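**Q** Have a look at this one before I ask anything.
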Amino acid sequence: MFGPRLQRARAEMDRQGVDALLLSVGADLPYLTGYSAMPLERLTMLVLPRDGEARLVIPELEAPLVAERDDFTMVPWGETQDPLDLVVGLIGQDATVGIGDTTWARFVVGLVDRAPALVLRNASDVMTPLRAVKSDDEVAMLRSAAAAVDRIAGRLRNGEIPLVGQTEAQVSAELGRQIVEEGHHHVNFAIVAAGANAASPHHHAGDHVITEGEVVLCDFGGTWLDDHGVGYCSDLTRCVYTGDPPSEFVEMYDVLFNAQAASVAAATVGTPAEVVDRAGRSIIADAGYGDYFIHRTGHGIGVEAHEEPYIVEGNTDPLVAGNAFSVEPGIYIPGKWGARIEDIVVSSAEGPDPLNRVDHALARV
């Protein structure tokens with residue numbers, strides 16, 4: 001698994017003229033090695049040359065956590081050693097290197113201090129084309145994660161997760177508990193926004209007590225580990241209403257329902273990402289809610305909850321088979337209410353493949 005990924009990375013490096021990748025904390029490291037580095041002041045860095053052996057420079061005390069593989073060699077360093085000197089020794093003083101996008105600035109500055117002739121590039125230039133196209137095995141992992149959160153959403157819709165009388169934070173904690181219980185390794189987020197709070201797309205669940213007669217927007221997901229230690233993310237949003245919703249809300253939700261379905265249907269191979277965004281956005285705008293849809297339609301998903309491709313105006317890249325992304329239009333009326341519907345979708349030669357299958361209709365509990 002990792003050997004072919006490393007080879008694809010090297011082929012892309014060769015195409016772009018990158019001599020080495022330097023990958024520290026972030027999603028690229030586990031994608032290529034199966035190891036997720038802790039964000040420590042002690043440097044962990046995969047040094048992947050275009051030609052030659054891959055080496056993982058790692059603190060000696062962290063080395064026992066790494067599953068040894070034939071695809072790379074570990075280079076442990078002790079507390080009195082300078083790991084950046086080790087890295088420069090492996091790549092040389094004069095090279096074009098791709099730096100992991102989330103590498104700490106202190107390490108990037110330190111590398112330049114030690115080797116001023118280095119030419120720095122973003123490692124994402126190399127890694128994004130690889131990670132954006134999921135293999136069949138990766139799609140299977142995303143599908144398993146999606147099915148798990150579907151089961152939770154089904155219980156939410158059926159009234160099996162208490163809402164009225166609970167605080168948003170209590171419901172969020174319960175969703176998080178079930179995310180892990182359903183097989184995820186950890187919780188990434190569990191947004192619970194009730195009433196007027198649902199007008200804030202990234203609301204932090206707080207001490208608001210949910211009452212009868214409110215919309216409750218729940219957006220939640222976690223990370224599902226494969227057998228090699230690489231995590232794949234889930235992400236799902238559904239809305240329920242405590243009691244009978246007013247006709248005004250039902251009409252708004254129907255617009256959102258149709259917009260979300262239109263964007264999913266538009267997500268065919270060869271379609272530019274911005275066209276998928278327009279498909280649902282035009283329906284929302286035509287219904288008079290255009291000013292209340294304030295974010296992109298979606299984001300890619302995989303090892304990270306947010307990655308390429310982004311489903312947004314201005315992204316003219318056509319979808320390709322294996323792209324995985326969210327489709328999540330929303331309508332948010334400040335001070336009043338909001339709603340969002342979200343599925344994870346994979347583009348395939350047979351057409352859009354929504355991984356989330358739980359009912360999209362507005363549930364009343």
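If you're wondering about the labels, chains in the structure tokens are A, B, ... by order shown, residues count from 1 in each chain, ligands from 1 in order shown.
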Select from segment 124-288 of chain A everything DSSP, run on the backbone, classes as strand (DSSP E), then give the selection as a PyMOL selection string.
**A** chain A and resi 186-194+215-225+231-233+236-241
**Q** Within 7 Å of segment 226-233 of chain A, counting only C-alpha atoms, which residues qualify if same-chain residues fewer than 6 places away don't, as a list in words?
**A**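 My reading of the contact set: Pro30, Tyr31, Gly34, Tyr35, Met141, Leu142, Ala145, Ile301, Gly302, Val303, Glu304 and Ala305 of chain A.
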**Q** So which residues touch Ala147 of chain A within 8 Å, counting only C-alpha atoms, skipping near sequence neighbours fewer than 6 positions away, as number ranges by chain?
**A** A: 355-357
**Q** When you count only C-alpha atoms, which of these residues is closest to Asp125 of chain A: A:Cys239, A:Val75, A:Ala9, A:Leu163?
**A**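 Nearest candidate to Asp125 of chain A out of A:Cys239, A:Val75, A:Ala9, A:Leu163: A:Ala9.
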**Q** Looking at A:His202, A:Arg15, A:Arg50, A:Arg121, which one is nearest to Leu217 of chain A, with distances taken over only C-alpha atoms?
**A**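 Smallest distance to Leu217 of chain A is found for A:His202.
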**Q** For Ser234 of chain A, please output as a ChimeraX atom specification all residues within 12 Å (counting only C-alpha atoms; exclusion window: fewer than 6 positions along the same chain).
**A** /A:139,141-150,152,179-180,182-190,219-225,300-306,324-326,342-345,355-356
**Q** Generate a file of the selected residues that holds N, CA and C atoms, formatted as a CSV table (one decimal), in the first residue's frame.
**A**
chain,number,residue,atom,x,y,z
A,139,VAL,N,-12.2,4.5,-1.0
A,139,VAL,CA,-13.7,4.7,-1.0
A,139,VAL,C,-14.4,3.8,-0.1
A,141,MET,N,-13.3,2.7,2.7
A,141,MET,CA,-13.1,3.2,4.1
A,141,MET,C,-14.1,4.4,4.3
A,142,LEU,N,-14.2,5.3,3.3
A,142,LEU,CA,-15.1,6.4,3.5
A,142,LEU,C,-16.5,5.9,3.6
A,143,ARG,N,-16.9,4.8,2.8
A,143,ARG,CA,-18.2,4.3,2.9
A,143,ARG,C,-18.5,3.7,4.2
A,144,SER,N,-17.6,3.0,4.8
A,144,SER,CA,-17.8,2.5,6.2
A,144,SER,C,-18.0,3.6,7.2
A,145,ALA,N,-17.2,4.6,7.1
A,145,ALA,CA,-17.4,5.7,8.0
A,145,ALA,C,-18.7,6.4,7.8
A,146,ALA,N,-19.1,6.6,6.6
A,146,ALA,CA,-20.4,7.2,6.3
A,146,ALA,C,-21.6,6.4,6.8
A,147,ALA,N,-21.5,5.1,6.6
A,147,ALA,CA,-22.6,4.2,7.1
A,147,ALA,C,-22.7,4.3,8.6
A,148,ALA,N,-21.6,4.5,9.3
A,148,ALA,CA,-21.6,4.6,10.8
A,148,ALA,C,-22.4,5.9,11.2
A,149,VAL,N,-22.0,7.0,10.6
A,149,VAL,CA,-22.7,8.2,11.0
A,149,VAL,C,-24.2,8.2,10.5
A,150,ASP,N,-24.5,7.5,9.4
A,150,ASP,CA,-25.9,7.3,9.0
A,150,ASP,C,-26.7,6.7,10.1
A,152,ILE,N,-26.2,6.8,13.3
A,152,ILE,CA,-26.5,7.7,14.3
A,152,ILE,C,-27.6,8.7,13.9
A,179,ILE,N,-20.4,8.3,17.9
A,179,ILE,CA,-19.4,8.2,16.8
A,179,ILE,C,-18.3,7.2,17.2
A,180,VAL,N,-17.8,7.2,18.4
A,180,VAL,CA,-16.7,6.3,18.8
A,180,VAL,C,-17.3,4.9,18.9
A,182,GLU,N,-19.7,3.6,17.3
A,182,GLU,CA,-19.9,3.0,16.0
A,182,GLU,C,-18.7,2.6,15.3
A,183,GLY,N,-17.5,2.8,15.8
A,183,GLY,CA,-16.3,2.3,15.2
A,183,GLY,C,-15.3,3.3,14.8
A,184,HIS,N,-15.6,4.6,14.9
A,184,HIS,CA,-14.5,5.6,14.6
A,184,HIS,C,-13.5,5.6,15.7
A,185,HIS,N,-12.3,6.0,15.3
A,185,HIS,CA,-11.1,6.1,16.2
A,185,HIS,C,-11.3,7.3,17.1
A,186,HIS,N,-11.7,8.4,16.6
A,186,HIS,CA,-12.0,9.6,17.4
A,186,HIS,C,-13.0,10.5,16.8
A,187,VAL,N,-13.5,11.4,17.5
A,187,VAL,CA,-14.4,12.4,17.1
A,187,VAL,C,-13.7,13.6,16.5
A,188,ASN,N,-14.1,14.1,15.3
A,188,ASN,CA,-13.6,15.3,14.7
A,188,ASN,C,-14.4,16.5,15.1
A,189,PHE,N,-15.7,16.4,15.2
A,189,PHE,CA,-16.6,17.5,15.6
A,189,PHE,C,-18.0,17.0,15.7
A,190,ALA,N,-18.8,17.7,16.5
A,190,ALA,CA,-20.2,17.4,16.7
A,190,ALA,C,-20.9,18.7,16.9
A,219,ASP,N,-24.3,18.5,12.8
A,219,ASP,CA,-23.3,18.2,11.8
A,219,ASP,C,-22.2,17.5,12.5
A,220,PHE,N,-21.9,16.3,12.2
A,220,PHE,CA,-20.9,15.5,13.0
A,220,PHE,C,-20.1,14.5,12.1
A,221,GLY,N,-19.0,14.2,12.7
A,221,GLY,CA,-18.1,13.2,12.0
A,221,GLY,C,-16.9,12.9,12.8
A,222,GLY,N,-16.2,11.8,12.3
A,222,GLY,CA,-15.0,11.4,13.0
A,222,GLY,C,-14.0,10.8,12.1
A,223,THR,N,-13.0,10.1,12.6
A,223,THR,CA,-12.0,9.5,11.8
A,223,THR,C,-12.0,8.0,12.0
A,224,TRP,N,-12.0,7.3,10.9
A,224,TRP,CA,-12.2,5.8,10.8
A,224,TRP,C,-10.8,5.3,10.3
A,225,LEU,N,-10.2,4.5,11.2
A,225,LEU,CA,-8.8,4.0,10.8
A,225,LEU,C,-8.9,2.7,10.0
A,300,GLY,N,-13.5,18.7,-0.4
A,300,GLY,CA,-13.1,17.3,-0.4
A,300,GLY,C,-12.9,16.7,0.9
A,301,ILE,N,-12.8,15.4,1.0
A,301,ILE,CA,-12.7,14.6,2.2
A,301,ILE,C,-11.9,13.4,2.0
A,302,GLY,N,-11.2,13.0,3.0
A,302,GLY,CA,-10.4,11.8,2.9
A,302,GLY,C,-9.6,11.6,4.2
A,303,VAL,N,-8.3,11.7,4.1
A,303,VAL,CA,-7.4,11.6,5.3
A,303,VAL,C,-7.7,12.9,6.2
A,304,GLU,N,-8.1,14.0,5.6
A,304,GLU,CA,-8.5,15.2,6.3
A,304,GLU,C,-10.0,15.4,6.0
A,305,ALA,N,-10.6,16.0,7.0
A,305,ALA,CA,-12.0,16.4,6.9
A,305,ALA,C,-12.2,17.4,5.8
A,306,HIS,N,-11.3,18.3,5.6
A,306,HIS,CA,-11.3,19.3,4.5
A,306,HIS,C,-10.1,19.2,3.7
A,324,ALA,N,-13.8,12.6,-3.8
A,324,ALA,CA,-14.8,12.5,-2.8
A,324,ALA,C,-14.9,13.8,-2.1
A,325,PHE,N,-16.2,14.2,-1.9
A,325,PHE,CA,-16.4,15.6,-1.4
A,325,PHE,C,-17.8,15.7,-0.8
A,326,SER,N,-18.0,16.7,0.1
A,326,SER,CA,-19.3,17.0,0.6
A,326,SER,C,-20.1,17.8,-0.3
A,342,GLU,N,-26.3,17.7,4.3
A,342,GLU,CA,-24.9,17.3,3.8
A,342,GLU,C,-24.8,15.8,3.6
A,343,ASP,N,-24.2,15.5,2.5
A,343,ASP,CA,-23.8,14.1,2.2
A,343,ASP,C,-22.4,14.1,1.7
A,344,ILE,N,-21.7,13.0,1.8
A,344,ILE,CA,-20.4,12.8,1.2
A,344,ILE,C,-20.7,12.1,-0.1
A,345,VAL,N,-20.1,12.6,-1.2
A,345,VAL,CA,-20.4,12.0,-2.6
A,345,VAL,C,-19.1,11.7,-3.2
A,355,LEU,N,-22.5,8.6,-0.5
A,355,LEU,CA,-22.1,7.6,0.5
A,355,LEU,C,-23.1,7.6,1.7
A,356,ASN,N,-23.7,8.7,1.9
A,356,ASN,CA,-24.7,8.8,3.0
A,356,ASN,C,-26.1,8.6,2.4
**Q** Which residue out of A:Val66, A:Ala27, A:Val216, A:Ile311 has the minimum interatomic distance to Arg157 of chain A when only C-alpha atoms are used?
**A**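 Under the stated criterion, the closest residue is A:Val216.
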**Q** From the DSSP assignment of the backbone, select every residue of segment 145-259 of chain A that is helix (DSSP H, G or I), and format the answer as a PyMOL selection string.
**A** chain A and resi 145-157+168-181+195-199+247-259
